[in-house]
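Working notes, beginning with the structure itself.
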Amino acid sequence: MEPTNETSDEDDQLINRMDKSLFHRFSSMLNEAEEQFSGVRKLPYFNRSHWEDYFQTTFDAYTKVWIFQQSHREVLQANNVGRHQIGEIASKIGQLYFHYYLRTSNIKYLKQSYGFYSAILERNYFAGVKGDSVRRYYARFTVVCLLYGKHSLIKKTLLVLLTNLVREDPHCPAEWHLAVQEIHLFLRACSFLQIKEGKRTVYPSRLNSLAFNSEDSIPSLQSAILIGNTKNQVKFSELTLDMYRMSLVLESLGGSIHNPTSELFSVKYLLYKPNIQKVLKYISSASQELENEKILMVYISDDGQTTEGITMVSNNESNTRNIECLYPEDISPFTRKPLFMVIDSYYSSNFLNIPNRFNTPLAVLCSPNKYPSDSPESSQIGSIFTYFLHEPIEAFCVMFGKRLVSSNQRNQCYDCLEAMYSELNNAIYTIDEPRLRFFLDDNILRLLIFHYIFYYSVMLLHISCDETYLPRSSPDLNILSNNTVLQTILSIAKILGIEHNFESI
């Protein structure tokens with residue numbers, strides 16, 4: 001029996017009603033997920049039990065939306081749900097993973113964020129779409145790629161696409177032109193040193209050796225607050241070059257791109273030009289949440305000229321006491337728990353004498369007060385002090401104008417440095433300073449200390465050495481700059497053909 005037209009029409013109406021029902025269900029689920037997402041940025045960074053449940057609920061909401069759209073793609077397309085809208089959902093999920101990475105420092109969430117952002121690009125979800133939403137996608141993906149070490153993708157694809165979007169829109173806001181320029185400058189600063197005959201990595205894994213992973217080493221760095229307060233330094237979004245480099249140092253051992261299966265993560269808080277109230281609030285909250293025998297690290301990059309402290313936000317450069325300044329006395333209440341500080345500022349040495357009434361472990365690494373006149377401009381390549389703490393061989397080359405090295409030269413330099421650090425690893429435990437030895441149980445802090453000693457030794461042998469060019473520390477680490485360390489500096493200089501910059505020993 002042939003079906004009648006009336007029966008066929010009824011079936012079509014039923015299908016249409018079912019399709020409409022599915023579409024309304026999708027819209028309701030998406031609205032619920034977006035409402036959850038809007039609250040993510042408002043969540044406090046501290047008290048993990050408060051924000052973790054909210055993140056999980058938001059993840060669950062977007063997971064349901066994503067699975068639903070995969071199962072009913074044809075119905076949604078018939079109801080004018082375009083590919084760009086699916087791209088927006090994927091972008092939100094990528095943002096969620098990225099925010100969770102920022103709160104936990106767990107690389108696997110950065111990887112998940114990268115995966116969703118990559119899928120948007122590979123599947124052309126935003127093909128032919130223009131406007132701020134697409135530009136924001138490229139900008140966010142760029143930040144993820146910077147932290148995940150995908151510089152080539154930025155150079156070859158993301159920057160090209162973003163630049164074209166900006167140039168082709170006569171009404172594009174001025175801040176997007178500035179953003180494109182910032183990316184160009186950031187990438188240039190990150191590729192200042194060129195490696196011949198080999199691929200360059202964002203952070204060399206050569207030093208992640210047994211010298212820093214002895215069986216008795218117990219990771220104890222729980223939280224790190226990274227503060228960027230420079231006025232003219234290269235940056236992208238709210239990430240200065242110094243903040244970026246120090247962030248990579250914290251991920252160079254333990255839970256890192258090179259070792260993604262590890263679950264050893266110190267939580268990072270990135271603060272760009274915060275006011276003094278925010279700085280003190282973050283230090284206080286992070287200190288309060290420290291578990292027993294754990295360490296808080298505070299890193300500050302600043303180019304102000306206030307002689308007694310570090311100016312936050314304010315442009316007041318006078319020598320009088322400024323309420324927007326961070327002073328050594330401000331840190332004293334937080335010395336009740338182990339504290340490791342890195343101060344990269346013209347007057348960093350003021351923080352060498354932080355009052356410590358509780359006799360708890362306290363260490364401070366301070367940048368020099370001055371740099372040699374022929375040093376590279378910090379606004380273009382970042383602070384030399386932070387650069388050495390981040391990647392000593394690359395900083396060594398850049399400091400002395402060595403822009404091009406072979407992969408063989410680089411490997412020889414790391415052989416020398418690795419041997420020197422193995423020697424230091426044995427010598428450093430001979431120091432009769434219990435508070436310092438406490439920090440040496442953490443791989444990352446030990447690596448920072450070794451990088452610091454390397455930099456101090458480089459400046460000590462510099463032909464135009466002046467006492468103001470030397471970094472300082474508390475406790476005094478400079479006594480570790482022994483003959484073995486100095487000979488290593490000269491050996492590396494000879495490999496690179498720049499030994500004329502150093503005094504012989």
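By order of appearance in the structure tokens: chains A, B, ..., then residues from 1 within every chain, and ligands from 1 in the order shown.
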Selection: 10 Å around Ile381 (chain A), only C-alpha atoms, excl. self and same-chain fewer than 6 positions, as a count of residues only: 15
Could you name the residues that touch region 332-339 of chain A at 7 Å or less, counting only C-alpha atoms, but leaving out those on the same chain fewer than 4 positions away, as a count of residues only? 15
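Here CA of Phe98 (chain A) stands at a distance of 28.6 Å from CA of Asp169 (chain A).
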Do you know which residues are at most 10 Å from Ala78 (chain A) counting only C-alpha atoms, after dropping those on the same chain fewer than 4 positions away, and could you put them as a ChimeraX atom specification? /A:19-20,23,73-74,82
For the strand (DSSP E or B) assignment from backbone DSSP, which residues of region 291-483 of chain A qualify? Please present them as an mmCIF file with N, CA and C atoms, in the first residue's frame.
data_model
loop_
_atom_site.group_PDB
_atom_site.id
_atom_site.type_symbol
_atom_site.label_atom_id
_atom_site.label_comp_id
_atom_site.auth_asym_id
_atom_site.auth_seq_id
_atom_site.Cartn_x
_atom_site.Cartn_y
_atom_site.Cartn_z
ATOM 1 N N ILE A 295 57.035 25.928 50.170
ATOM 2 C CA ILE A 295 57.692 27.213 49.935
ATOM 3 C C ILE A 295 56.845 28.103 49.032
ATOM 4 N N LEU A 296 56.847 29.382 49.334
ATOM 5 C CA LEU A 296 56.267 30.394 48.462
ATOM 6 C C LEU A 296 57.397 31.146 47.779
ATOM 7 N N MET A 297 57.290 31.302 46.463
ATOM 8 C CA MET A 297 58.268 32.095 45.711
ATOM 9 C C MET A 297 57.591 33.368 45.222
ATOM 10 N N VAL A 298 58.290 34.495 45.345
ATOM 11 C CA VAL A 298 57.804 35.766 44.825
ATOM 12 C C VAL A 298 58.862 36.319 43.874
ATOM 13 N N TYR A 299 58.478 36.522 42.628
ATOM 14 C CA TYR A 299 59.376 37.107 41.613
ATOM 15 C C TYR A 299 58.836 38.465 41.210
ATOM 16 N N ILE A 300 59.708 39.485 41.216
ATOM 17 C CA ILE A 300 59.297 40.837 40.836
ATOM 18 C C ILE A 300 60.253 41.386 39.783
ATOM 19 N N SER A 301 59.703 41.798 38.665
ATOM 20 C CA SER A 301 60.468 42.450 37.602
ATOM 21 C C SER A 301 59.998 43.896 37.521
ATOM 22 N N ASP A 302 60.927 44.835 37.749
ATOM 23 C CA ASP A 302 60.543 46.243 37.879
ATOM 24 C C ASP A 302 61.646 47.122 37.314
ATOM 25 N N ILE A 310 59.946 49.219 45.703
ATOM 26 C CA ILE A 310 59.543 48.968 44.326
ATOM 27 C C ILE A 310 58.186 49.608 44.102
ATOM 28 N N THR A 311 58.131 50.525 43.169
ATOM 29 C CA THR A 311 56.895 51.252 42.909
ATOM 30 C C THR A 311 55.916 50.396 42.128
ATOM 31 N N CYS A 325 54.406 51.871 47.042
ATOM 32 C CA CYS A 325 55.668 51.137 46.973
ATOM 33 C C CYS A 325 55.616 49.876 47.829
ATOM 34 N N LEU A 326 56.335 48.859 47.362
ATOM 35 C CA LEU A 326 56.556 47.664 48.170
ATOM 36 C C LEU A 326 57.915 47.804 48.833
ATOM 37 N N LEU A 339 60.141 31.351 52.437
ATOM 38 C CA LEU A 339 59.938 32.328 51.368
ATOM 39 C C LEU A 339 61.198 32.446 50.523
ATOM 40 N N PHE A 340 61.026 32.349 49.210
ATOM 41 C CA PHE A 340 62.130 32.479 48.255
ATOM 42 C C PHE A 340 61.775 33.629 47.312
ATOM 43 N N MET A 341 62.643 34.662 47.273
ATOM 44 C CA MET A 341 62.339 35.843 46.468
ATOM 45 C C MET A 341 63.391 36.056 45.387
ATOM 46 N N VAL A 342 62.932 36.513 44.238
ATOM 47 C CA VAL A 342 63.817 36.949 43.161
ATOM 48 C C VAL A 342 63.390 38.370 42.807
ATOM 49 N N ILE A 343 64.298 39.332 43.021
ATOM 50 C CA ILE A 343 63.984 40.734 42.776
ATOM 51 C C ILE A 343 64.853 41.245 41.636
ATOM 52 N N ASP A 344 64.234 41.607 40.533
ATOM 53 C CA ASP A 344 64.937 42.121 39.365
ATOM 54 C C ASP A 344 64.572 43.594 39.219
ATOM 55 N N LEU A 362 64.576 31.712 54.482
ATOM 56 C CA LEU A 362 64.348 32.899 53.653
ATOM 57 C C LEU A 362 65.552 33.083 52.749
ATOM 58 N N ALA A 363 65.314 33.166 51.444
ATOM 59 C CA ALA A 363 66.394 33.405 50.490
ATOM 60 C C ALA A 363 65.957 34.475 49.506
ATOM 61 N N VAL A 364 66.890 35.339 49.116
ATOM 62 C CA VAL A 364 66.602 36.427 48.180
ATOM 63 C C VAL A 364 67.712 36.498 47.139
ATOM 64 N N LEU A 365 67.341 36.440 45.871
ATOM 65 C CA LEU A 365 68.278 36.653 44.768
ATOM 66 C C LEU A 365 67.996 38.023 44.181
ATOM 67 N N CYS A 366 69.037 38.868 44.117
ATOM 68 C CA CYS A 366 68.856 40.247 43.661
ATOM 69 C C CYS A 366 69.685 40.534 42.415
ATOM 70 N N LEU A 404 74.498 34.184 16.283
ATOM 71 C CA LEU A 404 74.406 32.967 15.489
ATOM 72 C C LEU A 404 75.406 31.933 16.003
ATOM 73 N N VAL A 405 74.931 30.759 16.408
ATOM 74 C CA VAL A 405 75.818 29.689 16.853
ATOM 75 C C VAL A 405 75.390 28.384 16.184
ATOM 76 N N SER A 406 76.293 27.451 16.083
ATOM 77 C CA SER A 406 75.956 26.158 15.503
ATOM 78 C C SER A 406 75.375 25.256 16.586
ATOM 79 N N HIS A 462 84.061 39.449 33.782
ATOM 80 C CA HIS A 462 83.880 40.440 32.716
ATOM 81 C C HIS A 462 85.024 41.461 32.756
ATOM 82 N N ARG A 472 73.553 40.089 43.877
ATOM 83 C CA ARG A 472 73.792 39.775 45.283
ATOM 84 C C ARG A 472 72.682 38.873 45.797
ATOM 85 N N SER A 473 72.945 38.215 46.898
ATOM 86 C CA SER A 473 71.961 37.277 47.425
ATOM 87 C C SER A 473 72.055 37.196 48.939
ATOM 88 N N SER A 474 70.995 36.692 49.504
ATOM 89 C CA SER A 474 70.962 36.406 50.944
ATOM 90 C C SER A 474 70.211 35.086 51.123
#
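Going from CA of Ile225 (chain A) to CA of Glu329 (chain A) covers 18.2 Å.
For the pair CA of Tyr347 (chain A) and CA of Ile431 (chain A), the interatomic distance is 27.3 Å.
With distances restricted to only C-alpha atoms, A:Ser105 is the closest residue to Ser247 (chain A) from A:Ser105, A:Thr484, A:Asn79, A:Ser348.
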DSSP helix (DSSP H, G or I) selection over region 317-376 of chain A, as JSON, numbers by chain: {"A": [328, 329, 330, 331, 332, 333, 334, 335, 336, 348, 349, 350, 351, 352, 353]}
Give me, as a ChimeraX atom specification, all polymer residues having an atom no more than 9 Å from Leu187 (chain A), counting only C-alpha atoms and skipping those fewer than 6 positions away in the same chain. /A:146,151,154-155
Those residues you just picked out, can you put them in a file as a compact mmCIF listing (two decimals), in the first residue's frame with all heavy atoms?
# COMPACT_ATOMS: atom_id res chain seq x y z
N LEU A 146 52.54 30.49 22.83
CA LEU A 146 53.75 31.00 23.46
C LEU A 146 54.13 30.13 24.65
O LEU A 146 55.29 29.75 24.82
CB LEU A 146 53.55 32.45 23.91
CG LEU A 146 53.60 33.55 22.85
CD1 LEU A 146 53.20 34.89 23.45
CD2 LEU A 146 54.99 33.63 22.22
N HIS A 151 56.08 28.36 18.73
CA HIS A 151 56.39 29.65 18.12
C HIS A 151 56.23 29.63 16.60
O HIS A 151 55.81 30.63 16.00
CB HIS A 151 57.81 30.07 18.48
CG HIS A 151 57.96 30.50 19.91
ND1 HIS A 151 58.91 31.40 20.34
CD2 HIS A 151 57.28 30.16 21.02
CE1 HIS A 151 58.80 31.59 21.63
NE2 HIS A 151 57.82 30.84 22.06
N ILE A 154 52.79 30.36 15.42
CA ILE A 154 52.45 31.78 15.51
C ILE A 154 53.00 32.52 14.31
O ILE A 154 52.29 33.29 13.64
CB ILE A 154 53.00 32.40 16.81
CG1 ILE A 154 52.48 31.65 18.04
CG2 ILE A 154 52.62 33.87 16.90
CD1 ILE A 154 53.10 32.11 19.34
N LYS A 155 54.28 32.29 14.02
CA LYS A 155 54.94 33.02 12.93
C LYS A 155 54.33 32.72 11.57
O LYS A 155 54.06 33.61 10.78
CB LYS A 155 56.44 32.67 12.90
CG LYS A 155 57.23 33.18 14.07
CD LYS A 155 58.69 32.74 13.95
CE LYS A 155 59.50 33.16 15.15
NZ LYS A 155 60.91 32.69 15.06
Looking at A:Asn229, A:Thr488, A:Thr142, A:Ser237, which one is nearest to Ile276 (chain A), with distances taken over only C-alpha atoms? A:Asn229
Distance query Asn482 (chain A) at most 12 Å, only C-alpha atoms, self and fewer than 6 positions along chain excluded, as a compact mmCIF listing (two decimals) with N, CA, C and O atoms, in the first residue's frame:
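Saved as around-v3.txt:
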# COMPACT_ATOMS: atom_id res chain seq x y z
N MET A 420 79.62 21.51 35.19
CA MET A 420 79.78 22.49 36.25
C MET A 420 78.66 22.37 37.28
O MET A 420 78.89 22.43 38.50
N GLU A 423 79.12 19.47 39.58
CA GLU A 423 80.11 19.82 40.59
C GLU A 423 79.49 20.69 41.68
O GLU A 423 79.71 20.49 42.88
N LEU A 424 78.70 21.69 41.24
CA LEU A 424 78.03 22.57 42.20
C LEU A 424 77.06 21.79 43.08
O LEU A 424 76.89 22.09 44.26
N ALA A 427 79.10 20.57 45.82
CA ALA A 427 79.73 21.60 46.64
C ALA A 427 78.74 22.40 47.47
O ALA A 427 79.04 22.82 48.58
N ILE A 428 77.55 22.57 46.95
CA ILE A 428 76.61 23.48 47.60
C ILE A 428 76.13 22.94 48.95
O ILE A 428 75.75 23.69 49.85
N ILE A 453 74.44 31.57 40.20
CA ILE A 453 75.89 31.46 40.40
C ILE A 453 76.62 31.58 39.07
O ILE A 453 77.67 32.21 38.97
N PHE A 454 76.06 30.99 38.02
CA PHE A 454 76.65 31.10 36.70
C PHE A 454 76.71 32.56 36.26
O PHE A 454 77.74 33.05 35.79
N TYR A 456 76.59 35.30 38.16
CA TYR A 456 77.53 36.03 39.01
C TYR A 456 78.96 35.81 38.53
O TYR A 456 79.76 36.76 38.43
N SER A 457 79.29 34.59 38.17
CA SER A 457 80.65 34.26 37.74
C SER A 457 80.98 34.90 36.40
O SER A 457 82.11 35.34 36.17
N VAL A 458 79.99 34.96 35.52
CA VAL A 458 80.18 35.63 34.22
C VAL A 458 80.55 37.09 34.44
O VAL A 458 81.50 37.62 33.85
N LEU A 460 81.72 38.46 37.17
CA LEU A 460 82.97 38.57 37.94
C LEU A 460 84.18 38.57 37.01
O LEU A 460 85.17 39.26 37.26
N LEU A 461 84.10 37.79 35.93
CA LEU A 461 85.22 37.68 34.98
C LEU A 461 85.15 38.71 33.86
O LEU A 461 86.07 38.80 33.05
N THR A 488 84.90 27.08 33.81
CA THR A 488 83.80 26.72 32.92
C THR A 488 83.36 27.92 32.08
O THR A 488 83.09 27.79 30.88
N ILE A 489 83.31 29.08 32.71
CA ILE A 489 82.94 30.31 31.98
C ILE A 489 83.90 30.54 30.84
O ILE A 489 83.49 30.81 29.70
N ILE A 505 92.31 33.72 34.44
CA ILE A 505 92.48 33.42 35.87
C ILE A 505 93.69 32.50 36.04
O ILE A 505 94.18 31.89 35.10
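In terms of minimum interatomic distance to Glu377 (chain A), A:Asn232 ranks closest within A:Ser91, A:Asn232, A:Asn501, A:Ser113, counting only C-alpha atoms.
Nearest to Arg446 (chain A) of all the residues A:Val485, A:Leu226, A:Val279, A:Leu250 is A:Leu250, counting only C-alpha atoms.
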Please list as JSON, numbers by chain every residue within 10 Å of Ser220 (chain A), counting only C-alpha atoms and excluding residues in the same chain fewer than 6 positions away. {"A": [264, 265, 266, 291, 292, 293, 294, 295, 296, 338, 438, 439, 440, 441, 442, 443, 444, 445]}
